[in-house]
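I have placed the structure first, in the form of structure tokens, so that the comments after it can refer back to it.
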Amino acid sequence: MADKSTVVSEDKVITTTCGPVKGTAVDGIRGYLGIPYAAPPVGNLRWKPPVPPEPWREPREITKLGPACPQSEVMLPPGIEEMSEDCLTLNIWTPARNESDLLPVMVFIHGGGFVGGAGTLPIYNETYLAQKGVVLVTVNYRLNVFGFLGHPALSAESSHHSSGNYGIMDQILALKWVQDNIRQFGGNPKNVTIFGHSAGGASVVALMASPLTEGLFHRAIVQSGGYPPTVLRHLSQSQYGLDSTESLGLKFAERLRVDGEANPLEAMRAKPVQEVVKVWEESVQNKSTATGVSGGWMLNHLTVDGYALRGPPGKAFKDGKQRNVPFMAGATSDEGSIFPPMMGLGTVERYRRYLDRVFGKQGQKMEAMYRAPDDASVSQALSKLLGDGFVSGARAMAWGMSAIQPKTYLYQFTMQPKIFLYPMPRSDDWRKEFGCYHAAELPYVFHFFPSSKFVEEDRKLSEEIVGYWIRFACNGDPNGEGATEWPAYDQSEEKHLILDVPIKVGEHLNKKACDFIDEIDGAR
């Protein structure tokens with residue numbers, strides 16, 4: 001793959017609704033990098049829904065990836081070189097030569113727990129997917145405090161009387177931009193697949209449940225998106241033992257020391273970026289409250305605001321009210337292994353507080369299932385619990401979708417990873433410690449092999465996985481000639497595809513744990 005930062009400009013000019021753009025040439029693929037799909041959300045636009053950018057008339061050179069949303073540097077992913085509030089850009093990679101090509105479109109939403117990441121990381125090897133015949137779009141959206149702050153004053157100034165979920169609204173505006181413009185890049189606006197990993201997968205779930213997304217996409221893939229939340233914070237009311245989103249915003253404003261200002265919102269919007277990020281971490285991601293990782297990712301960010309989300313996405317899936325589109329979901333076999341080191345729950349006491357915080361009155365049942373009799377066993381118990389949560393989440397989504405959509409597919413990725421993707425301390429024997437960890441499938445989905453440790457069987461598996469993803473984007477069915485048959489998910493047979501060497505079909509994925517977690521969730 002060519003270096004995304006050193007691409008060559010090409011002469012072809014594309015006219016968009018915002019203005020004309022000139023792109024790049026990368027490995028025979030045309031790339032358009034850093035297209036602004038919204039006005040910079042700075043100044044008075046900080047903590048407001050996104051709006052289209054000011055149009056331009058002269059052709060704009062779109063040859064440089066846009067900056068990531070500001071985020072903590074503690075867990076900054078490798079590959080993020082620039083951060084800015086002016087981050088609402090998207091990137092397009094297309095093999096098309098004419099508007100009439102009408103190729104399938106795939107829009108990727110990056111992960112990072114809603115607190116970090118970007119759609120421009122090197123691991124997202126866009127040119128490979130584009131070379132397989134799709135128009136690939138990656139999106140940056142607002143994260144952490146910039147994307148998800150709720151506050152009574154923000155709700156009061158809003159025309160729809162809500163606040164928070166700005167990051168989800170960014171994604172929605174990006175999808176509207178795709179609908180309005182992707183044909184000029186050779187893509188078919190009537191054949192758009194959204195797919196995302198981790199928080200990006202959770203975003204896909206939220207978009208499927210949102211009332212604002214009708215007609216914006218036609219297929220959906222959730223990679224390790226967690227359990228679709230049936231319990232979320234509500235905007236202004238405390239429910240399920242959770243403080244409201246607005247109350248979190250008030251605590252944030254108090255820590256930011258703007259309460260005494262004549263215009264607190266104006267003072268908040270004038271605060272420097274890094275101060276805002278730091279205070280948000282102190283207010284919301286405090287490990288002592290046991291809401292940092294897992295439950296905290298969704299509980300402290302996604303909000304039932306009555307506008308972008310009228311209820312928890314998990315409830316929409318249970319009630320059959322999500323977008324009825326062909327659907328794929330899955331998880332890795334050791335999803336939970338990377339999270340315990342981040343969570344700071346190294347004692348039984350903290351572990352129990354975490355279970356009570358996240359599962360409420362069902363916390364004791366979770367503790368009985370995922371036992372940690374002493375401090376030394378907390379990490380292993382937590383890893384198993386979280387891992388089962390990801391797998392049961394994928395199954396729950398497949399179960400709910402299969403009731404309304406025959407083209408529903410479930411997978412588990414079990415291939416032993418060759419590299420470790422996270423910038424965290426680890427032992428020399430990380431494979432034994434982390435196994436097939438959260439995100440282990442990404443190099444295979446994007447055919448990204450930066451190390452000689454990857455061998456021919458890895459490349460072959462990647463080609464097979466990419467084939468499934470591309471065929472699904474083309475017609476909603478991942479199957480094709482020469483590929484192992486992937487049976488559609490059926491509630492009676494519960495078949496899924498095991499992505500490994502060799503690829504094979506399995507049944508009743510992690511059934512005991514999945515049934516238990518479904519029972520716990522239904523009782524909350």
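Please note that chains go A, B, ... in the order of the structure tokens, that every chain numbers its residues from 1, and that ligands are numbered from 1 in the order shown.
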Gln412 in chain A environment, 7 Å, only C-alpha atoms, sequence neighbours closer than 4 positions dropped, as a list in words: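 The neighbour list is Gly330, Ala331, Thr332, Ser333, Leu497, Ile498 and Leu499 of chain A.
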Give one line per residue of range 20-88 of chain A that approaches range 146-157 of chain A to at most 9 Å, naming the two atoms of the closest pair and their distance in Å to one decimal, counting only C-alpha atoms; sort by chain then ascending residue number and deliver it as CSV.
residue,atom,partner,partner_atom,distance
A:Pro41,CA,A:Phe146,CA,8.9
A:Arg46,CA,A:Phe146,CA,7.1
A:Trp47,CA,A:Phe146,CA,6.3
A:Lys48,CA,A:Leu154,CA,8.0
A:Cys69,CA,A:Phe146,CA,8.2
A:Pro70,CA,A:Phe146,CA,8.3
A:Glu85,CA,A:Phe146,CA,8.1
d(CA of Leu386 in chain A, CA of Arg233 in chain A) in Å: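 Answer for the CA of Leu386 in chain A to CA of Arg233 in chain A separation: 20.2 Å.
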Selected residue, from A:Gly187, A:Pro487, A:Pro423, A:Gly201, that lies nearest to Gly506 in chain A when counting only C-alpha atoms: A:Pro487
Best match for closeness to Ala316 in chain A among A:Met397, A:Lys418, A:Ser402, A:Glu58, counting only C-alpha atoms: A:Met397
Closest of A:Ser238, A:Pro53, A:Leu45, A:Arg371 to Arg269 in chain A - atom-to-atom distances counting only C-alpha atoms: A:Leu45
Among listed residues A:Trp93, A:Phe359, A:Phe317, A:Tyr444, nearest Ile35 in chain A (using only C-alpha atoms):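 Under the stated criterion, the closest residue is A:Trp93.
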Near-range 9-23 of chain A list (7 Å; only C-alpha atoms; drop same-chain fewer than 5 positions) as a list of chain:residue names: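 After dropping sequence-adjacent residues, the list is A:Arg30, A:Gly31, A:Tyr32, A:Pro53, A:Pro55, A:Trp56, A:Arg57, A:Glu58, A:Pro59, A:Arg60, A:Glu61, A:Ile62, A:Thr63, A:Asn181, A:Gln184.
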Polymer residues at most 10 Å from Asn188 in chain A, only C-alpha atoms, same-chain spacing of 2 or more positions, as a list in words: Glu99, Ser100, Asp101, Leu102, Leu103, Pro104, Val105, Val134, Val135, Val178, Gln179, Asn181, Ile182, Arg183, Gln184, Phe185, Gly186, Lys190, Asn191 and Val192 of chain A
Members of range 231-394 of chain A assigned strand (DSSP E or B) by DSSP, as a ChimeraX atom specification: /A:233-234,239,242,303-304,327-332
